[in-house]
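Quick look at final.cif (mmCIF, C-alpha atoms and all ligand atoms):
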```
data_final
#
loop_
_atom_site.label_atom_id
_atom_site.label_comp_id
_atom_site.auth_asym_id
_atom_site.auth_seq_id
_atom_site.Cartn_x
_atom_site.Cartn_y
_atom_site.Cartn_z
CA MET A 1 -15.10 -77.42 -53.58
CA TYR A 2 -14.16 -74.45 -51.44
CA TRP A 3 -15.14 -72.88 -48.18
CA ASN A 4 -13.05 -70.49 -46.16
CA ARG A 5 -12.27 -72.46 -43.00
CA LEU A 6 -11.19 -70.76 -39.81
CA SER A 7 -8.68 -73.53 -39.08
CA ASP A 8 -6.86 -72.79 -42.36
CA ARG A 9 -6.71 -69.07 -41.69
CA LEU A 10 -5.39 -69.62 -38.15
CA ARG A 11 -2.79 -72.10 -39.36
CA GLU A 12 -1.60 -69.59 -41.97
CA GLN A 13 -1.38 -66.79 -39.44
CA TYR A 14 0.07 -68.64 -36.46
CA GLY A 15 1.82 -71.60 -38.08
CA GLY A 16 -0.20 -74.28 -36.28
CA LYS A 17 -3.47 -75.19 -34.66
CA VAL A 18 -4.92 -72.59 -32.33
CA TYR A 19 -7.02 -73.83 -29.39
CA LYS A 20 -9.94 -72.06 -27.74
CA LEU A 21 -9.93 -71.66 -23.98
CA ALA A 22 -13.48 -71.27 -22.68
CA LEU A 23 -13.64 -68.71 -19.86
CA SER A 24 -16.41 -67.24 -17.76
CA SER A 25 -16.88 -63.51 -17.25
CA GLY A 26 -19.61 -64.07 -14.66
CA CYS A 27 -22.06 -61.96 -16.70
CA THR A 28 -25.72 -62.89 -16.88
CA CYS A 29 -28.03 -61.95 -19.77
CA PRO A 30 -30.75 -59.28 -20.06
CA ASN A 31 -32.96 -61.93 -21.61
CA ARG A 32 -32.74 -63.94 -18.38
CA ASP A 33 -32.33 -61.48 -15.52
CA GLY A 34 -35.72 -59.80 -16.07
CA THR A 35 -34.49 -56.75 -18.00
CA LEU A 36 -35.90 -58.10 -21.27
CA GLY A 37 -37.26 -61.41 -20.06
CA THR A 38 -36.73 -64.17 -17.53
CA ARG A 39 -36.86 -67.33 -19.62
CA GLY A 40 -34.17 -66.46 -22.15
CA CYS A 41 -34.11 -67.51 -25.77
CA ILE A 42 -36.30 -70.58 -26.29
CA PHE A 43 -33.33 -72.89 -26.93
CA CYS A 44 -31.06 -71.51 -24.19
CA ASP A 45 -30.33 -74.01 -21.45
CA GLY A 46 -28.73 -71.45 -19.17
CA ALA A 47 -25.62 -73.62 -18.98
CA GLY A 48 -22.48 -72.04 -17.61
CA ALA A 49 -22.06 -70.18 -14.40
CA PHE A 50 -23.69 -66.85 -13.65
CA ALA A 51 -21.37 -66.35 -10.74
CA ALA A 52 -17.76 -65.49 -11.43
CA ALA A 53 -15.94 -68.76 -12.00
CA GLY A 54 -12.73 -67.75 -10.29
CA GLU A 55 -9.71 -65.68 -11.26
CA ILE A 56 -9.00 -65.51 -14.95
CA CYS A 57 -5.47 -66.87 -14.52
CA ASP A 58 -6.89 -69.95 -12.76
CA GLN A 59 -9.54 -70.37 -15.44
CA LEU A 60 -6.87 -70.10 -18.14
CA ALA A 61 -4.73 -72.72 -16.42
CA ALA A 62 -7.69 -75.09 -16.02
CA ALA A 63 -8.78 -74.62 -19.64
CA LYS A 64 -5.23 -75.20 -20.88
CA ALA A 65 -4.95 -78.36 -18.81
CA ARG A 66 -8.06 -79.71 -20.53
CA VAL A 67 -6.43 -79.45 -23.99
CA ALA A 68 -2.83 -80.08 -22.89
CA ALA A 69 -2.67 -83.66 -24.23
CA LYS A 70 -3.31 -82.56 -27.83
CA ALA A 71 -2.03 -78.99 -27.69
CA GLY A 72 1.54 -79.61 -26.51
CA THR A 73 3.81 -76.87 -25.21
CA GLU A 74 4.08 -74.67 -28.32
CA ALA A 75 0.35 -74.16 -28.82
CA ARG A 76 -1.38 -70.82 -29.35
CA TYR A 77 -4.76 -70.01 -27.81
CA ILE A 78 -7.82 -67.83 -28.19
CA ALA A 79 -9.36 -66.73 -24.89
CA TYR A 80 -13.06 -67.32 -25.43
CA PHE A 81 -15.80 -65.82 -23.28
CA GLN A 82 -18.56 -68.02 -24.63
CA SER A 83 -21.55 -68.42 -22.30
CA PHE A 84 -24.12 -65.71 -21.68
CA THR A 85 -23.75 -62.04 -22.59
CA ASN A 86 -20.15 -61.18 -21.93
CA THR A 87 -20.43 -57.42 -22.36
CA TYR A 88 -23.39 -57.18 -19.97
CA GLY A 89 -21.54 -55.41 -17.21
CA SER A 90 -19.60 -52.26 -16.45
CA VAL A 91 -16.34 -51.46 -18.21
CA GLU A 92 -14.73 -51.19 -14.75
CA ARG A 93 -15.55 -54.83 -14.05
CA LEU A 94 -15.03 -56.30 -17.52
CA GLU A 95 -11.86 -54.59 -18.72
CA PRO A 96 -9.56 -56.20 -16.12
CA LEU A 97 -10.98 -59.64 -17.00
CA TYR A 98 -10.32 -59.19 -20.69
CA ARG A 99 -6.86 -57.74 -20.05
CA GLN A 100 -5.89 -60.69 -17.85
CA ALA A 101 -7.17 -63.12 -20.47
CA LEU A 102 -5.00 -61.47 -23.13
CA MET A 103 -1.90 -61.21 -20.98
CA PRO A 104 -0.16 -64.57 -21.63
CA GLU A 105 2.05 -64.45 -24.69
CA GLU A 106 0.55 -67.66 -26.07
CA VAL A 107 -2.96 -66.13 -26.06
CA VAL A 108 -3.15 -64.61 -29.53
CA ALA A 109 -6.72 -63.29 -29.58
CA LEU A 110 -9.79 -62.65 -27.48
CA SER A 111 -13.25 -63.78 -28.56
CA ILE A 112 -16.29 -62.39 -26.77
CA ALA A 113 -19.81 -63.71 -27.28
CA THR A 114 -22.53 -61.18 -26.61
CA ARG A 115 -25.77 -59.59 -27.79
CA PRO A 116 -25.84 -56.60 -30.15
CA ASP A 117 -28.02 -54.68 -27.69
CA CYS A 118 -25.33 -54.92 -25.01
CA LEU A 119 -22.58 -52.90 -26.65
CA GLU A 120 -22.50 -49.45 -25.07
CA LYS A 121 -20.15 -46.84 -26.52
CA GLU A 122 -17.85 -47.10 -23.53
CA THR A 123 -17.64 -50.87 -23.95
CA LEU A 124 -16.97 -50.54 -27.67
CA ASN A 125 -14.16 -48.09 -26.99
CA MET A 126 -12.64 -50.39 -24.37
CA LEU A 127 -12.75 -53.28 -26.85
CA ALA A 128 -11.12 -51.07 -29.49
CA ALA A 129 -8.26 -50.27 -27.09
CA LEU A 130 -7.73 -53.99 -26.42
CA ASN A 131 -7.93 -54.70 -30.14
CA ALA A 132 -4.95 -52.42 -30.64
CA ARG A 133 -2.89 -54.86 -28.51
CA LYS A 134 -4.15 -58.19 -29.81
CA PRO A 135 -7.09 -59.09 -32.08
CA VAL A 136 -10.51 -58.93 -30.44
CA TRP A 137 -13.44 -60.75 -32.02
CA VAL A 138 -17.04 -60.13 -31.03
CA GLU A 139 -19.59 -62.89 -31.65
CA LEU A 140 -23.25 -61.95 -32.11
CA GLY A 141 -26.12 -64.46 -31.95
CA LEU A 142 -28.38 -63.20 -34.72
CA GLN A 143 -29.74 -66.68 -35.59
CA THR A 144 -32.22 -65.42 -38.21
CA ILE A 145 -33.25 -62.26 -40.04
CA HIS A 146 -36.90 -63.27 -40.16
CA PRO A 147 -38.94 -61.31 -37.60
CA GLU A 148 -41.56 -63.98 -36.89
CA THR A 149 -38.90 -66.56 -36.11
CA ALA A 150 -36.93 -64.06 -34.02
CA ARG A 151 -40.11 -63.43 -31.99
CA TRP A 152 -40.72 -67.16 -31.61
CA LEU A 153 -37.25 -67.75 -30.29
CA ARG A 154 -37.56 -64.70 -27.99
CA ARG A 155 -34.36 -63.12 -29.22
CA GLY A 156 -35.39 -59.79 -27.79
CA TYR A 157 -33.96 -57.33 -30.31
CA ASP A 158 -34.75 -56.28 -33.88
CA LEU A 159 -32.59 -56.42 -36.96
CA PRO A 160 -31.60 -52.71 -37.00
CA VAL A 161 -30.00 -53.22 -33.56
CA PHE A 162 -27.80 -55.90 -35.08
CA ASP A 163 -26.95 -53.69 -38.07
CA ARG A 164 -25.90 -50.81 -35.82
CA ALA A 165 -23.76 -53.07 -33.64
CA VAL A 166 -21.92 -54.55 -36.63
CA GLN A 167 -21.27 -51.06 -37.95
CA ALA A 168 -20.02 -49.77 -34.60
CA LEU A 169 -17.65 -52.73 -34.21
CA ARG A 170 -16.34 -52.41 -37.74
CA GLU A 171 -15.74 -48.69 -37.32
CA ARG A 172 -13.39 -49.66 -34.51
CA GLY A 173 -11.64 -52.37 -36.51
CA ILE A 174 -13.07 -55.19 -34.36
CA LYS A 175 -13.82 -58.44 -36.14
CA VAL A 176 -17.45 -59.58 -36.02
CA ILE A 177 -18.61 -63.18 -36.13
CA VAL A 178 -22.32 -63.90 -36.49
CA HIS A 179 -24.19 -67.03 -35.41
CA GLN A 180 -26.99 -68.46 -37.52
CA ILE A 181 -29.27 -71.36 -36.57
CA LEU A 182 -30.56 -73.64 -39.31
CA GLY A 183 -33.81 -75.53 -38.85
CA LEU A 184 -35.85 -72.92 -37.00
CA PRO A 185 -39.56 -73.81 -37.28
CA GLY A 186 -41.38 -72.31 -40.23
CA GLU A 187 -38.17 -71.47 -42.06
CA THR A 188 -37.64 -72.91 -45.53
CA PRO A 189 -34.15 -73.54 -46.93
CA GLU A 190 -34.63 -70.36 -48.97
CA MET A 191 -35.29 -68.33 -45.81
CA MET A 192 -32.14 -69.76 -44.21
CA ALA A 193 -30.15 -68.84 -47.31
CA GLU A 194 -31.57 -65.30 -47.06
CA THR A 195 -30.27 -65.01 -43.52
CA ALA A 196 -26.83 -66.23 -44.60
CA ARG A 197 -26.81 -63.74 -47.44
CA TYR A 198 -27.79 -60.92 -45.12
CA ILE A 199 -24.99 -61.82 -42.73
CA GLY A 200 -22.59 -61.91 -45.68
CA GLU A 201 -23.68 -58.43 -46.71
CA SER A 202 -23.69 -57.04 -43.18
CA GLY A 203 -19.95 -56.46 -43.12
CA ALA A 204 -19.31 -59.26 -40.61
CA ASP A 205 -16.00 -61.09 -41.00
CA GLY A 206 -17.07 -64.57 -39.95
CA ILE A 207 -20.07 -66.84 -39.57
CA LYS A 208 -20.93 -69.80 -37.35
CA PHE A 209 -23.65 -72.20 -38.45
CA HIS A 210 -25.61 -74.16 -35.87
CA LEU A 211 -28.32 -76.78 -36.06
CA LEU A 212 -31.45 -76.20 -33.98
CA HIS A 213 -31.17 -78.89 -31.33
CA VAL A 214 -33.31 -79.62 -28.32
CA LEU A 215 -31.73 -79.72 -24.88
CA ARG A 216 -33.40 -81.12 -21.79
CA GLY A 217 -34.89 -78.52 -19.47
CA THR A 218 -35.37 -75.80 -22.09
CA ASP A 219 -38.66 -74.31 -23.26
CA LEU A 220 -37.77 -75.74 -26.66
CA ALA A 221 -37.83 -79.22 -25.11
CA ARG A 222 -41.42 -78.61 -23.97
CA GLU A 223 -42.41 -77.63 -27.52
CA TRP A 224 -40.71 -80.73 -28.88
CA GLU A 225 -42.24 -83.04 -26.26
CA ALA A 226 -45.69 -81.63 -27.07
CA GLY A 227 -45.14 -82.52 -30.73
CA ARG A 228 -45.13 -78.89 -31.86
CA LEU A 229 -41.60 -78.97 -33.22
CA GLU A 230 -39.72 -81.10 -35.69
CA THR A 231 -35.95 -81.08 -35.94
CA MET A 232 -33.98 -81.41 -39.15
CA THR A 233 -32.68 -84.61 -40.67
CA LEU A 234 -28.99 -84.73 -41.51
CA PRO A 235 -29.59 -84.60 -45.30
CA ALA A 236 -31.90 -81.58 -44.87
CA TYR A 237 -29.30 -79.84 -42.71
CA ILE A 238 -26.57 -80.44 -45.26
CA GLN A 239 -28.75 -79.19 -48.10
CA ALA A 240 -29.61 -75.99 -46.23
CA LEU A 241 -25.98 -75.50 -45.23
CA GLU A 242 -24.79 -75.83 -48.81
CA ALA A 243 -27.31 -73.17 -49.92
CA CYS A 244 -26.09 -70.85 -47.16
CA ILE A 245 -22.39 -71.35 -48.00
CA ARG A 246 -23.10 -70.46 -51.62
CA GLN A 247 -24.68 -67.18 -50.47
CA ILE A 248 -21.81 -65.80 -48.40
CA PRO A 249 -18.80 -63.97 -49.85
CA ARG A 250 -15.69 -66.06 -50.53
CA GLU A 251 -13.62 -64.06 -48.06
CA MET A 252 -16.00 -64.51 -45.13
CA VAL A 253 -14.44 -66.92 -42.63
CA VAL A 254 -16.55 -69.95 -41.74
CA HIS A 255 -15.95 -70.63 -38.05
CA ARG A 256 -18.33 -73.57 -37.75
CA LEU A 257 -20.37 -75.84 -39.99
CA THR A 258 -22.37 -77.24 -37.11
CA GLY A 259 -22.75 -76.69 -33.37
CA ASP A 260 -21.40 -78.54 -30.40
CA GLY A 261 -24.35 -79.37 -28.12
CA ALA A 262 -24.01 -80.82 -24.63
CA LYS A 263 -24.51 -84.52 -25.42
CA ARG A 264 -25.88 -85.60 -22.07
CA ASP A 265 -28.82 -83.19 -22.34
CA LEU A 266 -29.49 -83.65 -26.03
CA LEU A 267 -33.05 -84.78 -26.83
CA ALA A 268 -33.16 -84.21 -30.60
CA PRO A 269 -31.96 -84.68 -33.24
CA LEU A 270 -29.88 -87.52 -31.84
CA TRP A 271 -27.79 -87.83 -35.02
CA SER A 272 -26.16 -84.51 -34.08
CA ALA A 273 -24.44 -86.11 -31.08
CA ASP A 274 -21.85 -87.75 -33.32
CA LYS A 275 -20.04 -84.63 -34.44
CA LYS A 276 -17.28 -86.47 -36.27
CA ARG A 277 -19.77 -88.43 -38.35
CA VAL A 278 -21.76 -85.26 -39.08
CA LEU A 279 -18.68 -83.34 -40.21
CA ASN A 280 -17.57 -86.26 -42.39
CA ALA A 281 -21.01 -86.37 -44.00
CA ILE A 282 -20.92 -82.61 -44.61
CA HIS A 283 -17.44 -82.76 -46.15
CA ARG A 284 -18.42 -85.68 -48.39
CA ALA A 285 -21.55 -83.86 -49.57
CA PHE A 286 -19.63 -80.63 -50.22
CA LEU A 287 -17.18 -82.58 -52.36
CA GLN A 288 -19.88 -84.45 -54.22
CA ASP A 289 -21.96 -81.32 -54.85
CA ASP A 290 -18.86 -79.23 -55.55
CA VAL A 291 -19.90 -76.56 -53.06
CA GLU A 292 -18.14 -73.24 -53.69
CA GLN A 293 -18.50 -70.52 -51.10
CA GLY A 294 -20.06 -67.43 -52.73
CA SER A 295 -20.95 -69.19 -55.99
CA ALA A 296 -24.55 -67.89 -55.93
CA LEU A 297 -23.23 -64.33 -55.65
CA GLU A 298 -20.76 -64.85 -58.50
CA LYS A 299 -23.50 -66.28 -60.69
CA GLU A 300 -25.61 -63.16 -60.23
CA LYS A 301 -22.73 -60.95 -61.36
CA THR A 302 -22.28 -62.80 -64.67
S1 LIG A 401 -28.97 -64.16 -25.48
FE1 LIG A 401 -27.67 -65.99 -25.14
S2 LIG A 401 -27.48 -66.22 -22.92
FE2 LIG A 401 -29.17 -64.79 -23.33
S3 LIG A 401 -30.99 -66.08 -23.26
FE3 LIG A 401 -30.35 -65.93 -25.42
S4 LIG A 401 -28.99 -67.69 -25.77
FE4 LIG A 401 -29.25 -67.46 -23.53
#
```
Could you take the file, read its structure, and then write that structure out as structure tokens?
Amino acid sequence: MYWNRLSDRLREQYGGKVYKLALSSGCTCPNRDGTLGTRGCIFCDGAGAFAAAGEICDQLAAAKARVAAKAGTEARYIAYFQSFTNTYGSVERLEPLYRQALMPEEVVALSIATRPDCLEKETLNMLAALNARKPVWVELGLQTIHPETARWLRRGYDLPVFDRAVQALRERGIKVIVHQILGLPGETPEMMAETARYIGESGADGIKFHLLHVLRGTDLAREWEAGRLETMTLPAYIQALEACIRQIPREMVVHRLTGDGAKRDLLAPLWSADKKRVLNAIHRAFLQDDVEQGSALEKEKT
């Protein structure tokens, strides 16, 4: 059994566990502010604050306080701009935020979640300059390569836009992490494995797998309530995940095997609320099925 876990790579590099500090850049999203759409992606609950959530140093202190009990005093951190589209703003506004987030010695990297259609040349160059100081990761929510599903989820950009963004980031030495959602309606396990394979071949460095889950107040919740949507069972999720892991190169870093939904708003599938149990079940299945990352690719070569 083998998969290339982020926690192992971070431990190797920094000699211990590295904690993420969730920060807000105050950016909105073109898929919500009317530029591309107003309702956002179908699963997006719009959680997080549009308005600036205070000075970065205060946000860092508050985020550190939240993990202080387990992190201790020697911990290392990744400053993580997670919610919304964190490059959807001018370089003049964003650069100081990112610089402040990277300033403390114990912050070892910056991770920025965004959309591939929100990476202007100027922004890319600013990120490259920061990357020369400390590692910068950019996270892109591709979710699927299949156009009909992308339309259904109202992603708002086509695959070539993603390809160009990955290339532009790689040209500047910036690490790229791509999000994929398993369990999108109409997608078979084979289609999910195709998406994973595509991400593996895209040149991205890392991948995050998520389960499609229904949160209260989203358009997805309305689909689910109307009986037009079924969510995955845990065994089906594990089976699809195993197929995806086998399709990605051995060196690609797996950042997540499942998502972390907001429990109080979760409508379905309810089994996903118990993350510890889900991860245990995944690990047991990987062991039992002897899952080897990249094994499907190796098989094709022989
Ligand atoms: S791109 Fe992200 S923030 Fe924007 S609507 Fe989609 S999920 Fe929400």
For the interface of chain A with ligand LIG 401 (chain A) (cut-off 9 Å, counting only C-alpha atoms and all ligand atoms), please tabulate each contacting residue of chain A alongside its nearest pair of atoms and their separation in Å to one decimal, rows sorted by chain and increasing number, as CSV.
```
residue,atom,partner,partner_atom,distance
A:Thr28,CA,A:LIG401,S2,7.1
A:Cys29,CA,A:LIG401,FE2,4.7
A:Pro30,CA,A:LIG401,FE2,6.6
A:Asn31,CA,A:LIG401,S3,4.9
A:Arg32,CA,A:LIG401,S3,5.6
A:Gly37,CA,A:LIG401,S3,8.4
A:Thr38,CA,A:LIG401,S3,8.3
A:Arg39,CA,A:LIG401,S3,7.0
A:Gly40,CA,A:LIG401,S3,3.4
A:Cys41,CA,A:LIG401,FE3,4.1
A:Ile42,CA,A:LIG401,S3,7.6
A:Phe43,CA,A:LIG401,S4,6.9
A:Cys44,CA,A:LIG401,FE4,4.5
A:Asp45,CA,A:LIG401,FE4,7.0
A:Gly46,CA,A:LIG401,FE4,5.9
A:Ala47,CA,A:LIG401,FE4,8.5
A:Ser83,CA,A:LIG401,S2,6.4
A:Phe84,CA,A:LIG401,S2,3.6
A:Thr85,CA,A:LIG401,S2,5.6
A:Asn86,CA,A:LIG401,S2,9.0
A:Ala113,CA,A:LIG401,FE1,8.5
A:Thr114,CA,A:LIG401,S1,7.2
A:Arg115,CA,A:LIG401,S1,6.0
A:Gly141,CA,A:LIG401,S1,7.1
A:Leu153,CA,A:LIG401,FE3,8.6
A:Arg154,CA,A:LIG401,FE3,7.8
A:Arg155,CA,A:LIG401,FE3,6.2
A:Gly156,CA,A:LIG401,S1,8.1
```
Selection near stretch 207-213 of chain A, 9 Å with only C-alpha atoms, sequence-local residues under 2 positions removed, as a PyMOL selection string: chain A and resi 43+139+143+176-184+196+199-200+204-205+215+220+231-232+237+241+252-261+266-270+272
Contacts of stretch 105-108 of chain A at 10 Å (all atoms listed in the file; same-chain gap of 5+ positions) as an mmCIF file with C-alpha atoms, in the coordinates of the input:
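Writing done, so here's result09.cif:
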```cif
data_model
loop_
_atom_site.group_PDB
_atom_site.id
_atom_site.type_symbol
_atom_site.label_atom_id
_atom_site.label_comp_id
_atom_site.auth_asym_id
_atom_site.auth_seq_id
_atom_site.Cartn_x
_atom_site.Cartn_y
_atom_site.Cartn_z
ATOM 1 C CA TYR A 14 0.070 -68.640 -36.460
ATOM 2 C CA VAL A 18 -4.920 -72.590 -32.330
ATOM 3 C CA TYR A 19 -7.020 -73.830 -29.390
ATOM 4 C CA LYS A 20 -9.940 -72.060 -27.740
ATOM 5 C CA LEU A 21 -9.930 -71.660 -23.980
ATOM 6 C CA LEU A 60 -6.870 -70.100 -18.140
ATOM 7 C CA THR A 73 3.810 -76.870 -25.210
ATOM 8 C CA GLU A 74 4.080 -74.670 -28.320
ATOM 9 C CA ALA A 75 0.350 -74.160 -28.820
ATOM 10 C CA ARG A 76 -1.380 -70.820 -29.350
ATOM 11 C CA TYR A 77 -4.760 -70.010 -27.810
ATOM 12 C CA ILE A 78 -7.820 -67.830 -28.190
ATOM 13 C CA ALA A 79 -9.360 -66.730 -24.890
ATOM 14 C CA ARG A 133 -2.890 -54.860 -28.510
ATOM 15 C CA LYS A 134 -4.150 -58.190 -29.810
ATOM 16 C CA PRO A 135 -7.090 -59.090 -32.080
ATOM 17 C CA VAL A 136 -10.510 -58.930 -30.440
#
```
Pairwise distance for atom CA of A:Lys276 and atom CA of A:Asp8, rounded to one decimal in Å: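 Atom CA of A:Asp8 lies at a distance of 18.2 Å from atom CA of A:Lys276.
With only C-alpha atoms as the basis for measurement, A:Ile248 is the residue among A:Ile248, A:Ala168, A:Arg11, A:Lys175 that approaches A:Glu194 most closely.
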Pick from A:Cys27, A:Ala165, A:Cys57, A:Ala285, whichever lies nearest to A:Gly89 using all atoms listed in the file: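 Going through A:Cys27, A:Ala165, A:Cys57, A:Ala285 one by one, the smallest distance to A:Gly89 is for A:Cys27.
You will find atom CA of A:Pro189 at 9.8 Å from atom CA of A:Glu242.
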Distance in Å - atom CA of A:Trp271 versus atom CA of A:Gln293: 25.4 Å
